[in-house]
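Text of the file protein.pdb, holding PDB, C-alpha atoms:
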ATOM      1  CA  MET A 318    -360.893  37.563  33.788
ATOM      2  CA  THR A 319    -358.800  36.464  30.794
ATOM      3  CA  SER A 320    -355.798  38.408  32.021
ATOM      4  CA  ARG A 321    -355.987  36.717  35.394
ATOM      5  CA  LEU A 322    -356.118  33.119  34.139
ATOM      6  CA  PRO A 323    -352.338  32.670  33.778
ATOM      7  CA  LYS A 324    -351.814  33.833  37.347
ATOM      8  CA  ILE A 325    -354.586  31.574  38.605
ATOM      9  CA  PHE A 326    -353.039  28.550  36.887
ATOM     10  CA  ALA A 327    -349.550  29.499  38.047
ATOM     11  CA  VAL A 328    -350.516  29.823  41.701
ATOM     12  CA  SER A 329    -352.744  26.741  41.550
ATOM     13  CA  GLY A 330    -349.927  24.747  39.999
ATOM     14  CA  LEU A 331    -347.502  25.881  42.690
ATOM     15  CA  SER A 332    -350.045  25.024  45.375
ATOM     16  CA  LEU A 333    -350.749  21.589  43.933
ATOM     17  CA  ALA A 334    -347.038  20.827  43.601
ATOM     18  CA  MET A 335    -346.428  21.792  47.225
ATOM     19  CA  GLY A 336    -349.354  19.700  48.390
ATOM     20  CA  LEU A 337    -348.235  16.678  46.400
ATOM     21  CA  ALA A 338    -344.705  17.105  47.752
ATOM     22  CA  LEU A 339    -346.069  16.906  51.275
ATOM     23  CA  VAL A 340    -348.086  13.797  50.467
ATOM     24  CA  THR A 341    -345.121  12.148  48.729
ATOM     25  CA  GLU A 342    -342.902  12.841  51.726
ATOM     26  CA  ALA A 343    -345.441  11.289  54.081
ATOM     27  CA  ASP A 344    -345.928   8.235  51.863
ATOM     28  CA  ALA A 345    -342.201   7.758  51.282
ATOM     29  CA  ARG A 346    -341.370   7.768  54.962
ATOM     30  CA  ARG A 347    -340.849   4.070  55.553
ATOM     31  CA  GLY A 348    -341.251   3.914  59.276
ATOM     32  CA  GLY A 349    -340.283   0.782  61.171
ATOM     33  CA  SER A 350    -343.088  -1.675  60.358
ATOM     34  CA  PHE A 351    -343.823  -2.980  56.882
ATOM     35  CA  GLY A 352    -344.900  -6.098  55.027
ATOM     36  CA  SER A 353    -347.777  -8.533  55.373
ATOM     37  CA  ARG A 354    -349.039 -10.844  58.127
ATOM     38  CA  GLY A 355    -351.918 -12.206  56.094
ATOM     39  CA  ALA A 356    -355.298 -11.796  57.773
ATOM     40  CA  ARG A 357    -353.548 -10.489  60.909
ATOM     41  CA  THR A 358    -351.607  -7.708  59.201
ATOM     42  CA  TYR A 359    -353.409  -4.871  60.970
ATOM     43  CA  GLN A 360    -353.699  -6.586  64.342
ATOM     44  CA  ALA A 361    -350.988  -6.303  66.989
ATOM     45  CA  ALA A 362    -349.217  -9.564  67.741
ATOM     46  CA  PRO A 363    -349.439 -10.863  71.311
ATOM     47  CA  PRO A 364    -346.596  -9.844  73.654
ATOM     48  CA  THR A 365    -343.866 -12.335  74.546
ATOM     49  CA  LYS A 366    -341.005 -12.562  77.004
ATOM     50  CA  THR A 367    -338.609 -11.169  74.397
ATOM     51  CA  SER A 368    -341.019  -8.340  73.565
ATOM     52  CA  PRO A 369    -343.205  -7.883  76.671
ATOM     53  CA  THR A 370    -344.912  -4.701  75.479
ATOM     54  CA  GLN A 371    -347.457  -4.852  72.702
ATOM     55  CA  THR A 372    -346.007  -3.920  69.318
ATOM     56  CA  ALA A 373    -347.923  -1.601  67.001
ATOM     57  CA  PRO A 374    -349.469  -3.266  63.934
ATOM     58  CA  VAL A 375    -347.849  -3.124  60.501
ATOM     59  CA  GLN A 376    -347.861   0.417  59.107
ATOM     60  CA  ARG A 377    -347.009  -0.156  55.428
ATOM     61  CA  SER A 378    -348.506  -3.111  53.624
ATOM     62  CA  MET A 379    -349.995  -4.165  50.300
ATOM     63  CA  THR A 380    -352.553  -6.330  52.090
ATOM     64  CA  GLU A 381    -356.085  -5.277  51.219
ATOM     65  CA  ARG A 382    -358.928  -4.580  53.610
ATOM     66  CA  GLN A 383    -360.937  -7.620  54.630
ATOM     67  CA  PRO A 384    -364.643  -6.882  54.126
ATOM     68  CA  GLY A 385    -366.558  -7.225  57.363
ATOM     69  CA  ALA A 386    -363.474  -7.873  59.480
ATOM     70  CA  PRO A 387    -363.857  -6.308  62.947
ATOM     71  CA  ALA A 388    -361.241  -3.876  64.191
ATOM     72  CA  THR A 389    -360.143  -5.445  67.480
ATOM     73  CA  ALA A 390    -357.212  -3.173  68.289
ATOM     74  CA  PRO A 391    -357.988  -0.906  71.277
ATOM     75  CA  ALA A 392    -358.511   2.783  70.693
ATOM     76  CA  ARG A 393    -355.395   4.841  71.361
ATOM     77  CA  PRO A 394    -355.715   8.631  71.022
ATOM     78  CA  ASN A 395    -351.996   9.218  70.537
ATOM     79  CA  ALA A 396    -349.069   8.324  68.316
ATOM     80  CA  ALA A 397    -349.015   4.797  69.693
ATOM     81  CA  ASN A 398    -352.721   4.461  68.892
ATOM     82  CA  PRO A 399    -353.353   6.190  65.551
ATOM     83  CA  ALA A 400    -356.739   4.524  65.164
ATOM     84  CA  ALA A 401    -358.220   6.762  67.837
ATOM     85  CA  ALA A 402    -356.513   9.968  66.795
ATOM     86  CA  PRO A 403    -358.899  12.757  65.748
ATOM     87  CA  LYS A 404    -359.442  12.965  62.009
ATOM     88  CA  PRO A 405    -357.918  16.034  60.404
ATOM     89  CA  GLY A 406    -360.288  18.650  59.083
ATOM     90  CA  LEU A 407    -360.092  20.462  55.784
ATOM     91  CA  PHE A 408    -356.918  22.337  56.679
ATOM     92  CA  GLY A 409    -355.381  19.316  58.424
ATOM     93  CA  ASN A 410    -355.056  17.544  55.100
ATOM     94  CA  PRO A 411    -351.454  17.903  53.784
ATOM     95  CA  LEU A 412    -352.617  18.376  50.211
ATOM     96  CA  VAL A 413    -355.031  21.139  51.204
ATOM     97  CA  ARG A 414    -352.365  22.794  53.348
ATOM     98  CA  GLY A 415    -350.064  22.793  50.335
ATOM     99  CA  LEU A 416    -352.741  24.379  48.181
ATOM    100  CA  MET A 417    -353.503  27.089  50.723
ATOM    101  CA  LEU A 418    -349.839  27.710  51.457
ATOM    102  CA  GLY A 419    -349.044  28.027  47.773
ATOM    103  CA  GLY A 420    -351.870  30.500  47.262
ATOM    104  CA  LEU A 421    -350.892  32.636  50.210
ATOM    105  CA  ILE A 422    -347.279  32.686  49.091
ATOM    106  CA  GLY A 423    -348.458  33.885  45.695
ATOM    107  CA  LEU A 424    -350.395  36.695  47.310
ATOM    108  CA  LEU A 425    -347.498  37.702  49.530
ATOM    109  CA  LEU A 426    -345.156  37.824  46.538
ATOM    110  CA  GLY A 427    -347.512  40.185  44.735
ATOM    111  CA  HIS A 428    -349.085  37.631  42.423
ATOM    112  CA  GLY A 429    -352.632  38.141  43.661
ATOM    113  CA  PHE A 430    -355.711  37.575  41.593
ATOM    114  CA  GLY A 431    -356.757  41.233  41.497
ATOM    115  CA  ALA A 432    -356.333  44.637  43.055
ATOM    116  CA  GLY A 433    -357.762  45.480  46.426
ATOM    117  CA  MET A 434    -359.750  43.412  48.872
ATOM    118  CA  ALA A 435    -362.124  42.182  46.164
ATOM    119  CA  GLY A 436    -359.252  40.684  44.219
ATOM    120  CA  MET A 437    -357.754  39.044  47.306
ATOM    121  CA  LEU A 438    -361.148  37.681  48.395
ATOM    122  CA  GLY A 439    -361.786  36.295  44.914
ATOM    123  CA  GLY A 440    -358.379  34.666  44.878
ATOM    124  CA  LEU A 441    -358.897  33.044  48.263
ATOM    125  CA  LEU A 442    -362.305  31.761  47.212
ATOM    126  CA  GLN A 443    -360.803  30.187  44.114
ATOM    127  CA  ILE A 444    -358.021  28.595  46.152
ATOM    128  CA  ALA A 445    -360.622  27.263  48.592
ATOM    129  CA  ALA A 446    -362.589  25.763  45.701
ATOM    130  CA  ILE A 447    -359.479  24.051  44.331
ATOM    131  CA  ALA A 448    -358.593  22.849  47.814
ATOM    132  CA  LEU A 449    -362.072  21.395  48.299
ATOM    133  CA  VAL A 450    -361.834  19.428  45.046
ATOM    134  CA  ALA A 451    -358.349  18.220  45.964
ATOM    135  CA  MET A 452    -359.522  17.174  49.430
ATOM    136  CA  LEU A 453    -362.396  15.137  47.987
ATOM    137  CA  ALA A 454    -360.065  13.460  45.501
ATOM    138  CA  PHE A 455    -357.479  12.770  48.209
ATOM    139  CA  ARG A 456    -360.091  11.208  50.508
ATOM    140  CA  PHE A 457    -361.461   9.113  47.658
ATOM    141  CA  PHE A 458    -358.087   7.584  46.818
ATOM    142  CA  ALA A 459    -357.106   7.272  50.487
ATOM    143  CA  SER A 460    -360.327   5.419  51.312
ATOM    144  CA  ARG A 461    -359.544   2.865  48.615
ATOM    145  CA  ARG A 462    -356.194   1.948  50.078
ATOM    146  CA  LYS A 463    -356.787   2.515  53.793
ATOM    147  CA  PRO A 464    -356.310  -0.815  55.545
ATOM    148  CA  ALA A 465    -358.787  -2.070  58.094
ATOM    149  CA  GLN A 466    -357.585  -3.221  61.472
ATOM    150  CA  ALA A 467    -358.175  -6.929  61.439
ATOM    151  CA  ALA A 468    -358.495  -9.309  64.384
ATOM    152  CA  ALA A 469    -355.655 -11.624  65.541
ATOM    153  CA  ALA A 470    -355.027 -14.719  67.634
ATOM    154  CA  SER A 471    -352.593 -15.721  70.329
ATOM    155  CA  HIS A 472    -350.253 -18.676  70.191
ATOM    156  CA  ASN A 473    -347.175 -18.411  72.406
ATOM    157  CA  ALA A 474    -344.575 -21.049  71.617
ATOM    158  CA  ALA A 475    -341.201 -20.997  73.343
ATOM    159  CA  PHE A 476    -338.313 -20.024  71.081
ATOM    160  CA  ARG A 477    -334.955 -20.232  72.780
ATOM    161  CA  SER A 478    -331.800 -20.061  70.724
ATOM    162  CA  PRO A 479    -328.384 -21.304  71.846
ATOM    163  CA  PHE A 480    -327.454 -17.680  72.423
ATOM    164  CA  ASP A 481    -330.155 -17.437  75.087
ATOM    165  CA  MET A 482    -328.683 -20.291  77.076
ATOM    166  CA  GLN A 483    -325.346 -18.489  77.336
ATOM    167  CA  GLN A 484    -326.864 -15.367  78.896
ATOM    168  CA  PRO A 485    -328.768 -14.784  82.138
ATOM    169  CA  VAL A 486    -332.503 -14.531  81.678
ATOM    170  CA  GLN A 487    -333.847 -11.128  82.711
ATOM    171  CA  PRO A 488    -337.217 -11.020  84.488
ATOM    172  CA  ALA A 489    -339.897  -9.907  82.060
ATOM    173  CA  ALA A 490    -342.652  -7.452  82.867
ATOM    174  CA  ALA A 491    -346.181  -8.799  83.055
ATOM    175  CA  PRO A 492    -347.576  -8.686  79.512
ATOM    176  CA  PRO A 493    -350.833  -6.850  78.890
ATOM    177  CA  THR A 494    -354.023  -8.808  78.424
ATOM    178  CA  TYR A 495    -354.365 -10.231  74.951
ATOM    179  CA  ALA A 496    -357.770 -11.266  73.669
ATOM    180  CA  PRO A 497    -357.518 -13.769  70.807
ATOM    181  CA  PRO A 498    -359.957 -13.073  67.995
ATOM    182  CA  ALA A 499    -362.105 -15.618  66.261
ATOM    183  CA  ASP A 500    -361.852 -17.256  62.836
ATOM    184  CA  LEU A 501    -358.623 -15.772  61.502
ATOM    185  CA  GLY A 502    -356.672 -18.874  60.691
ATOM    186  CA  GLN A 503    -355.934 -22.017  62.658
ATOM    187  CA  ASP A 504    -353.102 -21.883  65.181
ATOM    188  CA  PHE A 505    -350.351 -24.485  65.051
ATOM    189  CA  ALA A 506    -347.089 -25.129  66.874
ATOM    190  CA  VAL A 507    -343.806 -24.508  65.076
ATOM    191  CA  THR A 508    -341.078 -27.119  65.262
ATOM    192  CA  GLY A 509    -337.490 -26.867  66.395
ATOM    193  CA  ALA A 510    -336.417 -26.949  62.736
ATOM    194  CA  ASP A 511    -338.700 -23.974  62.048
ATOM    195  CA  ARG A 512    -337.123 -21.980  64.859
ATOM    196  CA  GLU A 513    -333.639 -22.753  63.583
ATOM    197  CA  THR A 514    -334.729 -21.537  60.141
ATOM    198  CA  PHE A 515    -336.002 -18.249  61.604
ATOM    199  CA  GLU A 516    -332.670 -17.675  63.318
ATOM    200  CA  ARG A 517    -330.741 -18.505  60.162
ATOM    201  CA  LEU A 518    -332.890 -16.189  58.031
ATOM    202  CA  LEU A 519    -332.404 -13.350  60.518
ATOM    203  CA  ARG A 520    -328.645 -13.587  60.104
ATOM    204  CA  GLU A 521    -328.602 -14.209  56.356
ATOM    205  CA  ILE A 522    -331.041 -11.429  55.420
ATOM    206  CA  GLN A 523    -329.324  -8.843  57.615
ATOM    207  CA  GLU A 524    -325.898  -9.639  56.218
ATOM    208  CA  ALA A 525    -327.193  -9.796  52.626
ATOM    209  CA  PHE A 526    -328.675  -6.341  53.143
ATOM    210  CA  GLY A 527    -325.311  -5.106  54.385
ATOM    211  CA  ARG A 528    -323.625  -6.511  51.259
ATOM    212  CA  GLU A 529    -326.359  -5.101  49.009
ATOM    213  CA  ASP A 530    -326.831  -8.634  47.704
ATOM    214  CA  TYR A 531    -330.176  -8.306  45.946
ATOM    215  CA  ALA A 532    -330.224 -11.922  44.782
ATOM    216  CA  ALA A 533    -329.738 -13.282  48.300
ATOM    217  CA  ILE A 534    -332.431 -10.976  49.697
ATOM    218  CA  ARG A 535    -334.889 -11.940  46.938
ATOM    219  CA  GLU A 536    -334.345 -15.639  47.637
ATOM    220  CA  ARG A 537    -335.225 -15.260  51.331
ATOM    221  CA  THR A 538    -338.053 -12.683  51.298
ATOM    222  CA  THR A 539    -341.436 -12.116  49.712
ATOM    223  CA  PRO A 540    -341.623  -9.769  46.698
ATOM    224  CA  GLU A 541    -343.224  -7.119  48.919
ATOM    225  CA  ILE A 542    -340.410  -7.157  51.480
ATOM    226  CA  MET A 543    -337.857  -7.265  48.676
ATOM    227  CA  GLY A 544    -339.419  -4.090  47.278
ATOM    228  CA  TYR A 545    -339.212  -2.229  50.588
ATOM    229  CA  LEU A 546    -335.606  -3.265  51.228
ATOM    230  CA  ALA A 547    -334.568  -2.471  47.645
ATOM    231  CA  GLU A 548    -336.156   0.960  48.063
ATOM    232  CA  GLU A 549    -334.032   1.628  51.143
ATOM    233  CA  LEU A 550    -330.875   0.384  49.422
ATOM    234  CA  GLY A 551    -331.604   2.693  46.518
ATOM    235  CA  GLN A 552    -332.092   5.671  48.831
ATOM    236  CA  ASN A 553    -328.774   4.927  50.517
ATOM    237  CA  ALA A 554    -327.012   4.695  47.140
ATOM    238  CA  THR A 555    -328.522   7.996  46.024
ATOM    239  CA  ALA A 556    -327.196   9.613  49.198
ATOM    240  CA  GLY A 557    -323.715   8.191  48.552
ATOM    241  CA  ARG A 558    -323.912   5.862  51.536
ATOM    242  CA  ARG A 559    -324.001   2.152  52.265
ATOM    243  CA  ASN A 560    -325.547   0.471  55.309
ATOM    244  CA  GLU A 561    -322.978  -2.076  56.476
ATOM    245  CA  VAL A 562    -324.444  -4.847  58.670
ATOM    246  CA  ARG A 563    -322.297  -7.703  59.958
ATOM    247  CA  ASP A 564    -321.626  -9.978  62.941
ATOM    248  CA  VAL A 565    -325.339 -10.646  63.475
ATOM    249  CA  LYS A 566    -325.890 -12.747  66.596
ATOM    250  CA  MET A 567    -329.201 -14.041  67.924
ATOM    251  CA  LEU A 568    -329.637 -13.237  71.618
ATOM    252  CA  GLU A 569    -333.206 -14.201  72.456
ATOM    253  CA  GLY A 570    -336.426 -15.099  70.705
ATOM    254  CA  ASP A 571    -340.032 -16.171  71.161
ATOM    255  CA  VAL A 572    -342.663 -17.248  68.664
ATOM    256  CA  ALA A 573    -345.555 -14.879  69.365
ATOM    257  CA  GLU A 574    -348.076 -16.690  67.184
ATOM    258  CA  ALA A 575    -348.221 -19.192  64.346
ATOM    259  CA  TRP A 576    -351.286 -19.826  62.248
ATOM    260  CA  ARG A 577    -352.457 -21.388  59.009
ATOM    261  CA  GLU A 578    -354.596 -19.642  56.390
ATOM    262  CA  GLY A 579    -355.714 -22.345  53.995
ATOM    263  CA  PRO A 580    -352.511 -23.943  52.643
ATOM    264  CA  VAL A 581    -350.297 -21.028  53.743
ATOM    265  CA  ASP A 582    -348.459 -20.951  57.091
ATOM    266  CA  TYR A 583    -347.520 -17.787  59.011
ATOM    267  CA  ALA A 584    -345.351 -17.360  62.095
ATOM    268  CA  THR A 585    -344.446 -14.154  63.942
ATOM    269  CA  ALA A 586    -341.367 -14.275  66.165
ATOM    270  CA  ALA A 587    -339.965 -11.636  68.514
ATOM    271  CA  LEU A 588    -336.208 -11.563  67.901
ATOM    272  CA  ARG A 589    -333.550  -9.778  69.932
ATOM    273  CA  TYR A 590    -330.158  -9.703  68.254
ATOM    274  CA  SER A 591    -326.858  -7.821  68.214
ATOM    275  CA  SER A 592    -324.968  -6.615  65.152
ATOM    276  CA  ILE A 593    -322.454  -4.126  63.866
ATOM    277  CA  ASP A 594    -324.732  -1.705  62.037
ATOM    278  CA  VAL A 595    -323.099   1.407  60.579
ATOM    279  CA  MET A 596    -323.521   3.794  57.669
ATOM    280  CA  VAL A 597    -320.389   4.258  55.571
ATOM    281  CA  ASP A 598    -319.425   6.557  52.723
ATOM    282  CA  ARG A 599    -319.592   4.664  49.435
ATOM    283  CA  GLN A 600    -316.410   6.225  48.078
ATOM    284  CA  SER A 601    -314.049   6.349  51.045
ATOM    285  CA  GLY A 602    -315.555   3.632  53.222
ATOM    286  CA  ALA A 603    -315.387   5.950  56.218
ATOM    287  CA  VAL A 604    -318.014   5.461  58.923
ATOM    288  CA  VAL A 605    -320.411   8.400  58.900
ATOM    289  CA  GLU A 606    -322.966   7.019  61.362
ATOM    290  CA  GLY A 607    -322.707   4.395  64.092
ATOM    291  CA  ASP A 608    -319.787   2.647  65.792
ATOM    292  CA  ALA A 609    -317.910   0.023  63.789
ATOM    293  CA  ASP A 610    -316.350  -1.438  66.958
ATOM    294  CA  ARG A 611    -319.405  -1.667  69.186
ATOM    295  CA  PRO A 612    -322.395  -3.924  68.424
ATOM    296  CA  THR A 613    -325.886  -2.629  69.001
ATOM    297  CA  GLU A 614    -328.904  -4.605  70.208
ATOM    298  CA  THR A 615    -332.226  -4.573  68.378
ATOM    299  CA  THR A 616    -335.596  -6.177  69.086
ATOM    300  CA  GLU A 617    -338.001  -6.692  66.207
ATOM    301  CA  LEU A 618    -340.964  -8.840  65.264
ATOM    302  CA  TRP A 619    -340.312 -10.818  62.094
ATOM    303  CA  THR A 620    -343.162 -12.619  60.363
ATOM    304  CA  PHE A 621    -342.375 -15.554  58.099
ATOM    305  CA  VAL A 622    -344.633 -17.159  55.497
ATOM    306  CA  ARG A 623    -344.477 -20.652  53.983
ATOM    307  CA  HIS A 624    -346.384 -21.773  50.909
ATOM    308  CA  PRO A 625    -346.915 -25.434  50.017
ATOM    309  CA  ASN A 626    -343.716 -27.160  48.865
ATOM    310  CA  GLU A 627    -341.654 -24.055  49.677
ATOM    311  CA  GLY A 628    -339.493 -22.908  52.561
ATOM    312  CA  TRP A 629    -340.038 -20.073  55.020
ATOM    313  CA  LYS A 630    -339.589 -16.501  53.740
ATOM    314  CA  LEU A 631    -339.623 -13.168  55.520
ATOM    315  CA  SER A 632    -342.935 -11.345  54.948
ATOM    316  CA  ALA A 633    -343.011  -8.543  57.566
ATOM    317  CA  ILE A 634    -340.759  -6.605  59.966
ATOM    318  CA  GLN A 635    -342.040  -4.614  62.962
ATOM    319  CA  GLU A 636    -340.075  -2.528  65.434
ATOM    320  CA  ALA A 637    -340.669  -3.771  68.972
TER     321      ALA A 637
END
Can you give me the file's structure in the form of structure tokens?
Amino acid sequence: MTSRLPKIFAVSGLSLAMGLALVTEADARRGGSFGSRGARTYQAAPPTKTSPTQTAPVQRSMTERQPGAPATAPARPNAANPAAAPKPGLFGNPLVRGLMLGGLIGLLLGHGFGAGMAGMLGGLLQIAAIALVAMLAFRFFASRRKPAQAAAASHNAAFRSPFDMQQPVQPAAAPPTYAPPADLGQDFAVTGADRETFERLLREIQEAFGREDYAAIRERTTPEIMGYLAEELGQNATAGRRNEVRDVKMLEGDVAEAWREGPVDYATAALRYSSIDVMVDRQSGAVVEGDADRPTETTELWTFVRHPNEGWKLSAIQEA
């Protein structure tokens, strides 16, 4: 038994490292929706003319679970509805898969736990025991940070920018039924000045991101959003690239909902805009992704938050 301990620890360490690598990769994948919408973070915003199909709720957020809050989002047994997807079993857990994969690789490379079938069986049993402990630990920590799907409310306020008036209005598809929830903030109507601020922040934040102007981004976003955007800028720098964003123009917009939670105001707006968005090499400045001469159109849901005696700041971005 003593002679086999180093091999056990070696294979277990390899397995654990592979499992943690898988978990880190999954957690580090930013996705397209991040930030906080207060009590409505995990509830889909109502559809609008600019974004007629329902947008998935925020995927990455520091907002904690609300005790007793009902999950009002409909069940969707597919990628668009992760709440209804079947829960993975023991071997569906990425950490457990890493442990098992590491152990099997050790066996295939000749680093088994013993000779013959008895040695292989003993090794597999030990790997299974380690995997079981890892699974329980993984579920424990995951349950502490897993967000609950909260309820949301509907408040459609028209948001037409000057850019909209210069373009023909396309007929919008009939939006799906939206059932407003109860007691999650008091709805209010945004003003024309608010809508102009949203449009200005869209342009200023995008262009500040393209310049890698951390100070300008920090001034216009919440600390959480600043952290996510700084993370992406850091990843680009590590890869030797820079995301150049310029010529941002607002095309169309609607305020999906605006509500007040105590002294704090929130507003979610569907924004369709065009921009030159390319990835360039940091050294040469050559475009490595995208077209520097052709603007692209993007539709996103941006949520803004306003504290007492402060201006609006960006608090969440969702891909529409």
Practice prompt. Spell out the residues picked by the PyMOL selection byres ((chain A and resi 600-611) around 12) here, as a PyMOL selection string.
Written response: chain A and resi 554+556-564+591-599+612-614
Explicit residue set for the PyMOL selection byres ((chain A and resi 545-550) around 9), as a PDB file with C-alpha atoms, keeping the file's coordinate frame:
ATOM      1  CA  ARG A 347    -340.849   4.070  55.553  1.00  0.00           C
ATOM      2  CA  PHE A 351    -343.823  -2.980  56.882  1.00  0.00           C
ATOM      3  CA  GLY A 352    -344.900  -6.098  55.027  1.00  0.00           C
ATOM      4  CA  PHE A 526    -328.675  -6.341  53.143  1.00  0.00           C
ATOM      5  CA  GLU A 529    -326.359  -5.101  49.009  1.00  0.00           C
ATOM      6  CA  TYR A 531    -330.176  -8.306  45.946  1.00  0.00           C
ATOM      7  CA  ILE A 534    -332.431 -10.976  49.697  1.00  0.00           C
ATOM      8  CA  PRO A 540    -341.623  -9.769  46.698  1.00  0.00           C
ATOM      9  CA  GLU A 541    -343.224  -7.119  48.919  1.00  0.00           C
ATOM     10  CA  ILE A 542    -340.410  -7.157  51.480  1.00  0.00           C
ATOM     11  CA  MET A 543    -337.857  -7.265  48.676  1.00  0.00           C
ATOM     12  CA  GLY A 544    -339.419  -4.090  47.278  1.00  0.00           C
ATOM     13  CA  GLY A 551    -331.604   2.693  46.518  1.00  0.00           C
ATOM     14  CA  GLN A 552    -332.092   5.671  48.831  1.00  0.00           C
ATOM     15  CA  ASN A 553    -328.774   4.927  50.517  1.00  0.00           C
ATOM     16  CA  ALA A 554    -327.012   4.695  47.140  1.00  0.00           C
ATOM     17  CA  THR A 555    -328.522   7.996  46.024  1.00  0.00           C
ATOM     18  CA  ARG A 559    -324.001   2.152  52.265  1.00  0.00           C
ATOM     19  CA  ASN A 560    -325.547   0.471  55.309  1.00  0.00           C
TER      20      ASN A 560
END
Fill in: Residue members of the PyMOL selection byres ((chain A and resi 619) around 6) in the file shown, as number ranges by chain
A: 585-586, 618, 620, 633-634
Practice prompt. Find the distance between CA of Asp582 in chain A and CA of Val622 in chain A and write it in Å to one decimal.
Written response: 5.6 Å
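Across the structure, CA of Arg589 in chain A and CA of Glu569 in chain A are spaced 5.1 Å apart.
Within the 8 Å cut-off around Glu516 in chain A, using all atoms listed in the file and omitting residues fewer than 3 positions from it on the same chain, the listed residues are Ser478, Arg512, Glu513, Leu519, Arg520 and Met567 of chain A.
If you look at CA of Gln371 in chain A and CA of Ser353 in chain A, they are 17.7 Å away from each other.
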